[in-house]
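Heads up, final-v2.cif below (mmCIF, C-alpha atoms and all ligand atoms):
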data_target
loop_
_atom_site.group_PDB
_atom_site.id
_atom_site.type_symbol
_atom_site.label_atom_id
_atom_site.label_comp_id
_atom_site.auth_asym_id
_atom_site.auth_seq_id
_atom_site.Cartn_x
_atom_site.Cartn_y
_atom_site.Cartn_z
ATOM 1 C CA MET S 179 125.736 -59.092 -10.516
ATOM 2 C CA ARG S 180 122.509 -57.569 -11.648
ATOM 3 C CA ASP S 181 119.432 -58.922 -9.931
ATOM 4 C CA SER S 182 116.809 -56.431 -10.994
ATOM 5 C CA LEU S 183 114.759 -57.048 -14.098
ATOM 6 C CA LEU S 184 114.200 -54.805 -17.048
ATOM 7 C CA PRO S 185 110.587 -54.291 -18.080
ATOM 8 C CA TRP S 186 109.213 -57.412 -19.693
ATOM 9 C CA HIS S 187 108.019 -57.386 -23.236
ATOM 10 C CA GLN S 188 104.752 -58.417 -24.712
ATOM 11 C CA SER S 189 105.162 -61.001 -27.438
ATOM 12 C CA GLY S 190 103.292 -61.839 -30.566
ATOM 13 C CA GLY S 191 102.690 -65.355 -31.821
ATOM 14 C CA GLY S 192 105.316 -67.301 -33.669
ATOM 15 C CA PRO S 193 105.677 -69.955 -36.314
ATOM 16 C CA PRO S 194 106.046 -73.602 -35.376
ATOM 17 C CA PHE S 195 109.538 -75.076 -35.522
ATOM 18 C CA LEU S 196 110.118 -78.576 -36.779
ATOM 19 C CA VAL S 197 113.248 -80.704 -36.531
ATOM 20 C CA GLY S 198 113.542 -84.010 -38.353
ATOM 21 C CA GLY S 199 115.605 -87.042 -37.526
ATOM 22 C CA ALA S 200 115.609 -86.735 -33.749
ATOM 23 C CA SER S 201 113.758 -89.107 -31.473
ATOM 24 C CA ALA S 202 112.671 -86.081 -29.493
ATOM 25 C CA PHE S 203 110.623 -83.583 -31.451
ATOM 26 C CA LEU S 204 109.592 -79.974 -31.239
ATOM 27 C CA ARG S 205 105.978 -79.129 -30.649
ATOM 28 C CA SER S 206 104.523 -75.949 -32.130
ATOM 29 C CA SER S 207 105.581 -72.825 -30.333
ATOM 30 C CA SER S 208 103.660 -71.086 -27.608
ATOM 31 C CA TYR S 209 105.496 -67.921 -26.735
ATOM 32 C CA SER S 210 105.426 -66.579 -23.225
ATOM 33 C CA ASN S 211 104.613 -63.005 -22.408
ATOM 34 C CA TYR S 212 107.674 -62.847 -20.158
ATOM 35 C CA TYR S 213 111.106 -62.315 -21.665
ATOM 36 C CA GLN S 214 113.748 -59.621 -21.635
ATOM 37 C CA ALA S 215 116.940 -58.527 -23.353
ATOM 38 C CA ARG S 216 120.127 -60.386 -22.521
ATOM 39 C CA ASN S 217 122.139 -57.167 -22.479
ATOM 40 C CA GLY S 218 124.716 -58.578 -24.847
ATOM 41 C CA GLN S 219 125.460 -61.664 -22.762
ATOM 42 C CA ALA S 220 125.616 -64.955 -24.651
ATOM 43 C CA PRO S 221 124.131 -67.789 -22.603
ATOM 44 C CA ARG S 222 126.750 -69.869 -20.793
ATOM 45 C CA LEU S 223 124.559 -71.803 -18.359
ATOM 46 C CA PHE S 224 121.856 -74.395 -19.131
ATOM 47 C CA VAL S 225 119.392 -74.787 -16.247
ATOM 48 C CA VAL S 226 117.210 -77.897 -15.807
ATOM 49 C CA HIS S 227 113.886 -77.337 -14.040
ATOM 50 C CA SER S 228 110.739 -79.310 -13.402
ATOM 51 C CA THR S 229 107.246 -77.885 -13.444
ATOM 52 C CA ARG S 230 105.665 -79.332 -10.277
ATOM 53 C CA SER S 231 102.139 -77.996 -10.357
ATOM 54 C CA GLY S 232 101.629 -79.997 -7.180
ATOM 55 C CA ALA S 233 98.496 -81.635 -8.531
ATOM 56 C CA ASP S 234 98.036 -85.241 -9.611
ATOM 57 C CA LEU S 235 97.830 -84.415 -13.327
ATOM 58 C CA THR S 236 98.569 -86.374 -16.470
ATOM 59 C CA ASP S 237 101.696 -85.420 -18.343
ATOM 60 C CA ASP S 238 99.646 -83.697 -21.028
ATOM 61 C CA GLN S 239 97.679 -81.717 -18.462
ATOM 62 C CA GLU S 240 100.932 -80.671 -16.797
ATOM 63 C CA ARG S 241 102.388 -79.569 -20.139
ATOM 64 C CA ILE S 242 99.329 -77.564 -21.148
ATOM 65 C CA GLY S 243 98.991 -76.051 -17.692
ATOM 66 C CA THR S 244 102.632 -74.984 -17.747
ATOM 67 C CA LEU S 245 102.312 -73.372 -21.176
ATOM 68 C CA ASN S 246 99.216 -71.506 -20.011
ATOM 69 C CA TRP S 247 101.054 -70.435 -16.864
ATOM 70 C CA PHE S 248 103.953 -69.093 -18.928
ATOM 71 C CA GLN S 249 101.477 -67.110 -21.016
ATOM 72 C CA ASN S 250 99.966 -65.382 -18.032
ATOM 73 C CA ASN S 251 101.101 -65.500 -14.407
ATOM 74 C CA PRO S 252 101.571 -62.906 -11.673
ATOM 75 C CA TYR S 253 105.279 -63.679 -11.176
ATOM 76 C CA GLN S 254 106.357 -63.197 -14.812
ATOM 77 C CA VAL S 255 107.947 -66.643 -14.890
ATOM 78 C CA SER S 256 108.802 -68.387 -18.140
ATOM 79 C CA ALA S 257 111.389 -70.723 -19.636
ATOM 80 C CA HIS S 258 112.854 -71.210 -23.081
ATOM 81 C CA TYR S 259 111.513 -74.728 -23.511
ATOM 82 C CA VAL S 260 109.038 -77.137 -21.976
ATOM 83 C CA GLY S 261 110.000 -80.799 -22.355
ATOM 84 C CA ASP S 262 107.442 -83.528 -21.770
ATOM 85 C CA ALA S 263 107.310 -87.242 -21.087
ATOM 86 C CA THR S 264 106.726 -88.153 -24.730
ATOM 87 C CA GLY S 265 109.930 -86.416 -25.875
ATOM 88 C CA GLY S 266 108.051 -83.361 -27.090
ATOM 89 C CA LEU S 267 109.843 -80.056 -26.746
ATOM 90 C CA THR S 268 107.854 -76.818 -26.929
ATOM 91 C CA PRO S 269 109.782 -73.616 -27.643
ATOM 92 C CA VAL S 270 108.410 -70.843 -25.448
ATOM 93 C CA VAL S 271 110.923 -68.006 -25.293
ATOM 94 C CA PRO S 272 113.338 -67.367 -28.188
ATOM 95 C CA LEU S 273 116.944 -68.003 -27.161
ATOM 96 C CA VAL S 274 117.937 -64.466 -28.079
ATOM 97 C CA TYR S 275 115.956 -63.312 -25.027
ATOM 98 C CA ALA S 276 116.338 -64.117 -21.343
ATOM 99 C CA ALA S 277 113.439 -66.010 -19.776
ATOM 100 C CA GLY S 278 112.140 -65.694 -16.218
ATOM 101 C CA HIS S 279 113.333 -68.951 -14.684
ATOM 102 C CA ALA S 280 116.357 -68.425 -12.448
ATOM 103 C CA GLY S 281 116.369 -64.913 -10.998
ATOM 104 C CA PHE S 282 119.694 -63.150 -11.336
ATOM 105 C CA HIS S 283 121.027 -65.976 -13.529
ATOM 106 C CA ASN S 284 118.457 -65.219 -16.226
ATOM 107 C CA SER S 285 120.467 -62.952 -18.489
ATOM 108 C CA TYR S 286 123.212 -65.526 -19.202
ATOM 109 C CA SER S 287 121.221 -68.747 -19.013
ATOM 110 C CA VAL S 288 118.823 -70.976 -20.918
ATOM 111 C CA GLY S 289 116.078 -72.777 -19.010
ATOM 112 C CA VAL S 290 114.226 -75.977 -19.852
ATOM 113 C CA GLU S 291 111.191 -76.976 -17.777
ATOM 114 C CA LEU S 292 110.385 -80.686 -17.678
ATOM 115 C CA THR S 293 106.860 -81.825 -16.916
ATOM 116 C CA GLN S 294 106.839 -83.354 -13.449
ATOM 117 C CA PRO S 295 103.511 -82.859 -11.631
ATOM 118 C CA LEU S 296 104.828 -83.992 -8.241
ATOM 119 C CA PRO S 297 108.392 -84.051 -6.855
ATOM 120 C CA ASP S 298 108.524 -87.857 -6.948
ATOM 121 C CA THR S 299 107.041 -88.235 -10.438
ATOM 122 C CA PRO S 300 109.688 -90.196 -12.358
ATOM 123 C CA TYR S 301 111.258 -88.776 -15.497
ATOM 124 C CA THR S 302 110.879 -90.684 -18.757
ATOM 125 C CA GLN S 303 113.250 -91.334 -21.635
ATOM 126 C CA GLY S 304 111.311 -88.596 -23.426
ATOM 127 C CA HIS S 305 112.207 -86.041 -20.754
ATOM 128 C CA TYR S 306 115.917 -86.815 -21.115
ATOM 129 C CA GLU S 307 115.760 -86.650 -24.896
ATOM 130 C CA ALA S 308 113.741 -83.430 -24.880
ATOM 131 C CA ALA S 309 116.205 -81.785 -22.487
ATOM 132 C CA ALA S 310 119.141 -83.003 -24.584
ATOM 133 C CA LEU S 311 117.478 -81.589 -27.702
ATOM 134 C CA ALA S 312 117.042 -78.244 -25.959
ATOM 135 C CA PHE S 313 120.741 -78.264 -25.085
ATOM 136 C CA ASP S 314 121.667 -79.205 -28.646
ATOM 137 C CA LEU S 315 119.479 -76.450 -30.100
ATOM 138 C CA THR S 316 121.048 -73.948 -27.744
ATOM 139 C CA ASN S 317 124.536 -74.831 -28.902
ATOM 140 C CA HIS S 318 123.508 -74.812 -32.572
ATOM 141 C CA TRP S 319 122.121 -71.323 -32.059
ATOM 142 C CA LEU S 320 125.244 -70.172 -30.202
ATOM 143 C CA ALA S 321 127.353 -71.445 -33.099
ATOM 144 C CA LEU S 322 125.209 -69.488 -35.557
ATOM 145 C CA MET S 323 125.735 -66.414 -33.396
ATOM 146 C CA GLY S 324 129.487 -66.979 -33.368
ATOM 147 C CA ALA S 325 129.467 -67.568 -29.611
ATOM 148 C CA SER S 326 131.142 -70.317 -27.605
ATOM 149 C CA PRO S 327 129.053 -73.430 -26.936
ATOM 150 C CA ILE S 328 127.893 -74.309 -23.439
ATOM 151 C CA PRO S 329 130.138 -77.187 -22.337
ATOM 152 C CA PRO S 330 128.265 -80.456 -21.665
ATOM 153 C CA ARG S 331 129.454 -80.695 -18.091
ATOM 154 C CA HIS S 332 127.590 -80.621 -14.797
ATOM 155 C CA VAL S 333 128.462 -77.581 -12.698
ATOM 156 C CA PHE S 334 127.407 -76.681 -9.179
ATOM 157 C CA SER S 335 127.509 -72.908 -9.399
ATOM 158 C CA GLY S 336 125.469 -70.712 -11.694
ATOM 159 C CA LEU S 337 128.582 -68.597 -12.180
ATOM 160 C CA GLU S 338 130.315 -71.396 -14.113
ATOM 161 C CA ARG S 339 129.845 -72.482 -17.721
ATOM 162 C CA GLY S 340 127.885 -75.694 -18.059
ATOM 163 C CA VAL S 341 124.717 -77.534 -17.127
ATOM 164 C CA ILE S 342 123.082 -77.226 -13.722
ATOM 165 C CA GLY S 343 119.914 -78.081 -11.832
ATOM 166 C CA HIS S 344 117.816 -75.178 -10.608
ATOM 167 C CA ASP S 345 118.317 -76.499 -7.064
ATOM 168 C CA GLU S 346 122.084 -76.180 -7.535
ATOM 169 C CA THR S 347 122.148 -72.532 -8.598
ATOM 170 C CA GLU S 348 122.827 -69.781 -6.097
ATOM 171 C CA GLN S 349 119.375 -68.325 -6.801
ATOM 172 C CA GLY S 350 117.696 -71.723 -6.471
ATOM 173 C CA ARG S 351 119.403 -72.518 -3.184
ATOM 174 C CA ALA S 352 118.558 -69.089 -1.791
ATOM 175 C CA SER S 353 114.901 -69.551 -2.676
ATOM 176 C CA GLY S 354 114.579 -73.163 -1.523
ATOM 177 C CA LYS S 355 114.174 -74.758 -4.970
ATOM 178 C CA SER S 356 114.441 -78.527 -5.195
ATOM 179 C CA ASP S 357 113.884 -79.131 -8.918
ATOM 180 C CA PRO S 358 114.713 -81.263 -10.885
ATOM 181 C CA GLY S 359 115.426 -83.222 -7.719
ATOM 182 C CA GLU S 360 116.229 -86.787 -6.777
ATOM 183 C CA PRO S 361 114.569 -88.586 -9.728
ATOM 184 C CA TRP S 362 116.757 -86.750 -12.260
ATOM 185 C CA GLN S 363 119.684 -88.968 -13.327
ATOM 186 C CA TRP S 364 122.525 -86.591 -14.115
ATOM 187 C CA ASP S 365 124.947 -89.226 -15.391
ATOM 188 C CA TYR S 366 122.423 -90.454 -17.922
ATOM 189 C CA PHE S 367 121.501 -86.950 -19.032
ATOM 190 C CA LEU S 368 125.135 -85.949 -19.495
ATOM 191 C CA SER S 369 125.725 -89.080 -21.568
ATOM 192 C CA LEU S 370 123.201 -87.734 -24.116
ATOM 193 C CA LEU S 371 124.925 -84.371 -24.537
ATOM 194 C CA LYS S 372 127.427 -83.689 -27.274
HETATM 195 ZN ZN ZN S 401 113.026 -74.352 -11.315
#

For this file, write the structure as structure tokens.
Amino acid sequence: MRDSLLPWHQSGGGPPFLVGGASAFLRSSSYSNYYQARNGQAPRLFVVHSTRSGADLTDDQERIGTLNWFQNNPYQVSAHYVGDATGGLTPVVPLVYAAGHAGFHNSYSVGVELTQPLPDTPYTQGHYEAAALAFDLTNHWLALMGASPIPPRHVFSGLERGVIGHDETEQGRASGKSDPGEPWQWDYFLSLLK
């Protein structure tokens, strides 16, 4: 298992994406500066994160702060999507690239970050719908690429195919991650996945 990173690329801007008919919606894109090649690996793992700035911020402040952080931070962290409390989903890193969200799991995973300023901030219906939309978009893209979909099942190892919390991955456990944490209702989330 590779755990070193290739050099990260600088990105340009990108066009906004719009999806109709869903209760969750895509905000205009805000690409991160931190992404890398997948080395031919189709994503097989969908990782749920929460942002946790640690400050008592509004949801909108947390969203904007996260997008700014993904543009420019000393750790080169990023995620494919940021989902917020209103159901908004912001594409950040194109799925064809790996994002910097789960260490050695990056090359074969997709990461969604949900706005949660503090570890006990409850998730909203919008967060669940935004995360489900991110999962759906991932599988639509995999189908277009002729790759197998990520199964809508909860797994407890980043080496399996499915959906996992950052705190449940090998990398997350090794680095003491606790997101998305106790407030995240897995049964409800899984019920939204196709
Ligand atoms: Zn995380």

Near-Ser231 (chain S) list (10 Å; all atoms listed in the file; drop same-chain fewer than 6 positions) as a ChimeraX atom specification: /S:239-241,243-244,293-297

Write out the residues from the selection above, keeping C-alpha atoms, as a tab-separated table (two decimals), keeping the file's coordinate frame.
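The resulting file, result.tsv, is shown below:
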chain	number	residue	atom	x	y	z
S	239	GLN	CA	97.68	-81.72	-18.46
S	240	GLU	CA	100.93	-80.67	-16.80
S	241	ARG	CA	102.39	-79.57	-20.14
S	243	GLY	CA	98.99	-76.05	-17.69
S	244	THR	CA	102.63	-74.98	-17.75
S	293	THR	CA	106.86	-81.82	-16.92
S	294	GLN	CA	106.84	-83.35	-13.45
S	295	PRO	CA	103.51	-82.86	-11.63
S	296	LEU	CA	104.83	-83.99	-8.24
S	297	PRO	CA	108.39	-84.05	-6.86

Ground truth for the PyMOL selection byres (((chain S and resi 303) around 12) and not hetatm), written as a list of chain:residue names: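 This file, filtered by the PyMOL selection byres (((chain S and resi 303) around 12) and not hetatm), leaves S:Ser201, S:Ala202, S:Gly261, S:Asp262, S:Ala263, S:Thr264, S:Gly265, S:Gly266, S:Leu292, S:Pro300, S:Tyr301, S:Thr302, S:Gly304, S:His305, S:Tyr306, S:Glu307, S:Ala308, S:Ala309, S:Ala310, S:Trp362, S:Gln363, S:Tyr366, S:Phe367, S:Leu370.
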
Computed interatomic separation between CA of Trp247 (chain S) and CA of Asp314 (chain S) (Å):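 Interatomic distance, CA of Trp247 (chain S) to CA of Asp314 (chain S): 25.3 Å.
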
Ref. answer, residues at most 9 Å from (99.0, -87.1, -9.3) with only C-alpha atoms, as a PyMOL selection string: chain S and resi 232-236+295-296+299

Exercise: residues within 8 Å of coordinate (125.1, -78.8, -5.0), counting only C-alpha atoms, as a ChimeraX atom specification: /S:334-335,345-347

Close residues to ligand ZN 401 (chain S) using all atoms listed in the file, limit 7 Å, as JSON, numbers by chain: {"S": [227, 228, 279, 280, 344, 355, 357]}

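Of the listed residues S:Ser256, S:Gln249, S:Thr229, S:Ser369, the one whose atoms come nearest to Pro330 (chain S) is S:Ser369, with distances taken using only C-alpha atoms.
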
Among the residues S:Trp364, S:Phe313, S:Tyr286, S:Trp319, the one that comes closest to Arg222 (chain S) [using all atoms listed in the file]: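 The answer is S:Tyr286, which sits nearest to Arg222 (chain S).
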
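The protein and nucleic acid residues lying at most 12 Å from region 321-327 of chain S are Gly218, Gln219, Ala220, Pro221, Arg222, Leu223, Phe224, Leu273, Val274, Phe313, Asp314, Leu315, Arg339, Gly340, Val341, Leu371 and Lys372 of chain S, with all atoms listed in the file considered and sequence neighbours fewer than 6 positions away removed.
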
Could you model N, CA and C atoms for region 231-250 of chain S and present them as a compact mmCIF listing (two decimals), in the frame of the given file?
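Saved as out17.txt:
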# COMPACT_ATOMS: atom_id res chain seq x y z
N SER S 231 103.39 -78.69 -10.67
CA SER S 231 102.14 -78.00 -10.36
C SER S 231 101.66 -78.36 -8.96
N GLY S 232 102.07 -79.55 -8.50
CA GLY S 232 101.63 -80.00 -7.18
C GLY S 232 100.32 -80.76 -7.21
N ALA S 233 99.76 -80.90 -8.39
CA ALA S 233 98.50 -81.64 -8.53
C ALA S 233 98.76 -82.97 -9.22
N ASP S 234 97.88 -83.91 -9.03
CA ASP S 234 98.04 -85.24 -9.61
C ASP S 234 97.50 -85.22 -11.05
N LEU S 235 98.26 -84.62 -11.94
CA LEU S 235 97.83 -84.42 -13.33
C LEU S 235 98.49 -85.41 -14.26
N THR S 236 97.89 -85.62 -15.42
CA THR S 236 98.57 -86.37 -16.47
C THR S 236 99.69 -85.51 -17.03
N ASP S 237 100.59 -86.18 -17.76
CA ASP S 237 101.70 -85.42 -18.34
C ASP S 237 101.19 -84.34 -19.30
N ASP S 238 100.17 -84.67 -20.08
CA ASP S 238 99.65 -83.70 -21.03
C ASP S 238 98.98 -82.51 -20.30
N GLN S 239 98.28 -82.81 -19.24
CA GLN S 239 97.68 -81.72 -18.46
C GLN S 239 98.76 -80.82 -17.86
N GLU S 240 99.83 -81.45 -17.39
CA GLU S 240 100.93 -80.67 -16.80
C GLU S 240 101.59 -79.79 -17.86
N ARG S 241 101.78 -80.34 -19.04
CA ARG S 241 102.39 -79.57 -20.14
C ARG S 241 101.51 -78.38 -20.52
N ILE S 242 100.24 -78.64 -20.72
CA ILE S 242 99.33 -77.56 -21.15
C ILE S 242 99.18 -76.52 -20.04
N GLY S 243 99.09 -76.99 -18.81
CA GLY S 243 98.99 -76.05 -17.69
C GLY S 243 100.22 -75.16 -17.58
N THR S 244 101.39 -75.75 -17.81
CA THR S 244 102.63 -74.98 -17.75
C THR S 244 102.68 -73.93 -18.85
N LEU S 245 102.29 -74.33 -20.07
CA LEU S 245 102.31 -73.37 -21.18
C LEU S 245 101.33 -72.24 -20.92
N ASN S 246 100.18 -72.56 -20.36
CA ASN S 246 99.22 -71.51 -20.01
C ASN S 246 99.78 -70.59 -18.92
N TRP S 247 100.45 -71.20 -17.95
CA TRP S 247 101.05 -70.44 -16.86
C TRP S 247 102.10 -69.46 -17.41
N PHE S 248 102.91 -69.94 -18.36
CA PHE S 248 103.95 -69.09 -18.93
C PHE S 248 103.36 -67.97 -19.79
N GLN S 249 102.14 -68.18 -20.27
CA GLN S 249 101.48 -67.11 -21.02
C GLN S 249 101.02 -65.99 -20.10
N ASN S 250 100.61 -66.37 -18.90
CA ASN S 250 99.97 -65.38 -18.03
C ASN S 250 100.09 -65.82 -16.58
